[in-house]
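Participant: Below are the structure tokens for one structure; questions will follow.
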Amino acid sequence: MSRYIIRRLLQAIPLLFFVSIILFVLMGQMGDPIATMGGRRVTRPADRERLTRQLGLDQPGYMQYLYWLVGNDWRQIDLDGDGVPDTTGTRRGILRGDFGMSLMKRGQSAWEVIWDRVPNTLLLMVTSEVVIIIFALLIGVFSALRQYSLADHVITAVSFIGYSTPIFFFALLSIYIFSVNFKRWGLPSLPAVGMFDPQVGRTPGQVALHMILPVATITFVSIAAYSRYIRSTMLEVLNEDYIRTARAKGLRNRYILFVHALKNAALPIVTLIGLDLALLLGGALVTERIFAWPGMGRLFLDHMQRFDTPVVMGILILLSVTVIVFQIITDLTYALLDPRIRYD
Amino acid sequence: MATVDTPITLATGADALAPPLTFRQMAWRRFRRHRMAMAGAVILILLFVYAFGGGLIFTAERANFTDTSARLQGPSAAHPFGTDTVGRDVLARTIQGGRISLMIGLMAAVLEIVIGVVVGAVAGYYGGVVDSLLMRLTEAMLIIPSLFLLIVAARLVGGSVTWIIIIFALTSWMYVARIVRAEFLSLKENEFILAARSIGTPTSQIIFRHILPNSMAPIVVSATLAVATAILSEAYISFLGMGVQPPTATWGNMLDGSYNYIESAPWLWIFPGLLILLTVLSINFVGDGLRDALDPRSRNV
């Protein structure tokens, strides 16, 4: 097992190189960060030249990538433009944890800017995952047990619609119903914007209240898809011999369902969750935008607009690493849960 | 010894002289049985009529006709779907936008399938170094969350329809490539490929004439679903303001900024949103039906 883990981790390294090169090439073509650094004023030609040298944009592409990767403190660079490289570089490169300085937020490193938002996104994502697993299991088992009943048909229809709903449409609809119209009808309405009410402050209760609609939005599509999956695997498992044996032994029905059957039926969902993380992150992007949730998705969009390459690049790399790590964890969990699988 | 005078009774509907059904006929029969898929197909046809037929009456000029005295008006007889922030008719814009959205969906799916098939076929057929290089590229592309990648790419190339189609294809061919590669890996070991090779059939013909037609079923299914994905992606990035730029209407960019009017002008987002939902839903149904119909293992006609 440990050999398998080491092999997977070693394979992840060239993969991340591939990812970073793809992203770096895309980023390099994107736009003029210097033009946006000046804000409203037009950057003076002299400043432009100086900034170009400071940011290393005068270097050829592969050198820029190298600087970004391992830094430039091992090299003399020409900062004042007199043709003589005489200043030692200060960048340490992403491999040594230096994401570069943010271009939009002066004086802050990209890592600080990103790290500021990570807890908020994490809160949203972890809660969503938990909600997805619980509801998908409940709904899936329920409709498997009542196969072809009215409730099953209704759930099938709703999940097909749910699976096809654009996330933003669900978000807008839920805001329209639960925030706007509930207020209009005098019912207790749900807040639709931000993480907490500024007048109350950032209390756990406020944050939880503000999370209801965003979490519902992120999870809706996934619950619809996974509950269908659980339903079909559950139906398959319930026909297996060992379930009949358990019944014949006289075990209680509930025990059979939730211990014997569900354990095997829920296995494939582990893979699904691991592989769909990238998809879920995309959903979070839209959700954070609509609900003004101060997370990484919104940070990405804001800094994307201004060509803040270090921050955008940092977010993308961070997300890619997360996805890879999650995939490895998924495979390992699967192996732990399913004794038929051996990684040797 | 059978008596000659008693006629042989056949099952009802069966014709003793009918030739055995071809695969395509069987698939069509199975598809027709799939009620939701048929409903989806009908709705899809209606949506195409709505967008392309309606476009003859509600021309692009009419969709872009601004009347600032009639801004943000609710649905009425003159404007069944209301008007938007600069007084354009939302109905006309959903029709014109539908043309663009459906076209983006179709074209992106075709292009995506072409790229995916070529990459998958080359990787699966040749194997070795080519295979592992292409598959590493595929994995790398799959690891970057696709919506983020799309936004970066869209920011890069600007908001013209052609470029949007191209970047959709370039960021979504990976699933098709994987499916096709898997098909090729198993199919190329068959005897008929060995036979073709031994009589000196050129490689390109082996790939496209002999192997590809045999792996058509999963490709058709993923092509169908790719249309839905492309329409959704267009909606997402346009919603975030990075897609096709106005004044060209698409279902997606009609939604851009509409969340400022959630309360005051819900018709701005309800109609395009519902149209996207309906399109994606019916494509998913059709895809589901095709998956069942084209599965050669299911013989229940």
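By order of appearance in the structure tokens: chains A, B, ..., then residues from 1 within every chain, and ligands from 1 in the order shown.
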I want to know what sits within 9 Å of region 291-299 of chain A, based on only C-alpha atoms, with residues of the same chain fewer than 4 positions away left out; could you give that as a ChimeraX atom specification?

Facilitator: /A:113-122,124,171,192-195,210-211,213-214,281-282,284-287,303-304,311-312,315 /B:148

Participant: Okay, now the selection with C-alpha atoms, as a PDB file, in the first residue's frame?

Facilitator:
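The resulting file, result-v3.pdb, is reproduced below:
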```pdb
ATOM      1  CA  VAL A 113      -4.385  37.363  -0.718  1.00  0.00           C
ATOM      2  CA  ILE A 114      -5.407  33.797  -1.492  1.00  0.00           C
ATOM      3  CA  TRP A 115      -5.009  32.421   2.020  1.00  0.00           C
ATOM      4  CA  ASP A 116      -7.337  35.129   3.272  1.00  0.00           C
ATOM      5  CA  ARG A 117     -10.167  33.550   1.274  1.00  0.00           C
ATOM      6  CA  VAL A 118      -9.384  29.865   1.647  1.00  0.00           C
ATOM      7  CA  PRO A 119     -11.260  29.324   4.947  1.00  0.00           C
ATOM      8  CA  ASN A 120     -14.454  30.789   3.472  1.00  0.00           C
ATOM      9  CA  THR A 121     -14.363  28.552   0.423  1.00  0.00           C
ATOM     10  CA  LEU A 122     -13.391  25.568   2.547  1.00  0.00           C
ATOM     11  CA  LEU A 124     -18.680  26.250   1.844  1.00  0.00           C
ATOM     12  CA  ALA A 171     -29.596  30.231  -7.429  1.00  0.00           C
ATOM     13  CA  ALA A 192     -29.050  36.151  -0.133  1.00  0.00           C
ATOM     14  CA  VAL A 193     -25.895  38.232   0.030  1.00  0.00           C
ATOM     15  CA  GLY A 194     -22.621  37.991   1.919  1.00  0.00           C
ATOM     16  CA  MET A 195     -21.496  35.907   4.879  1.00  0.00           C
ATOM     17  CA  HIS A 210     -26.218  32.964   5.133  1.00  0.00           C
ATOM     18  CA  MET A 211     -24.925  29.581   4.052  1.00  0.00           C
ATOM     19  CA  LEU A 213     -28.966  29.242  -0.008  1.00  0.00           C
ATOM     20  CA  PRO A 214     -25.384  28.940  -1.360  1.00  0.00           C
ATOM     21  CA  LEU A 281     -15.336  23.908  -7.584  1.00  0.00           C
ATOM     22  CA  GLY A 282     -16.766  25.332 -10.800  1.00  0.00           C
ATOM     23  CA  ALA A 284     -18.710  27.211  -6.216  1.00  0.00           C
ATOM     24  CA  LEU A 285     -17.348  29.828  -8.603  1.00  0.00           C
ATOM     25  CA  VAL A 286     -20.818  30.725  -9.861  1.00  0.00           C
ATOM     26  CA  THR A 287     -22.366  30.410  -6.428  1.00  0.00           C
ATOM     27  CA  HIS A 303      -8.314  39.315 -10.080  1.00  0.00           C
ATOM     28  CA  MET A 304      -8.871  37.769 -13.480  1.00  0.00           C
ATOM     29  CA  VAL A 311      -2.939  35.485  -7.724  1.00  0.00           C
ATOM     30  CA  VAL A 312      -4.852  33.844 -10.585  1.00  0.00           C
ATOM     31  CA  ILE A 315      -5.449  29.886  -7.261  1.00  0.00           C
TER      32      ILE A 315
ATOM     33  CA  PHE B 148     -11.773  28.061 -14.410  1.00  0.00           C
TER      34      PHE B 148
END
```

Participant: Please determine the contact residues of chain B with respect to chain A at a cut-off of 6 Å, counting only C-alpha atoms, and supply them as number ranges by chain.

Facilitator: B: 140, 143-145, 147, 156, 273, 277, 280-281

Participant: Hey, which of B:Arg29, B:Arg62, B:Arg155, B:Arg181 ends up closest to Asp131 (chain B)? Count only C-alpha atoms.

Facilitator: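 The shortest atom-to-atom distance to Asp131 (chain B) comes from B:Arg181.
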
Participant: Please indicate the distance in Å from CA of Trp68 (chain A) to CA of Phe99 (chain A), rounded to one decimal place.

Facilitator: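 Spanning CA of Trp68 (chain A) to CA of Phe99 (chain A) is a straight-line distance of 7.7 Å.
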
Participant: For Ala92 (chain B), which residue among B:Met135, B:Ala293, B:Ala78, B:Val130 is the nearest when counting only C-alpha atoms?

Facilitator: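 So, comparing all the options, the nearest one is B:Ala78.
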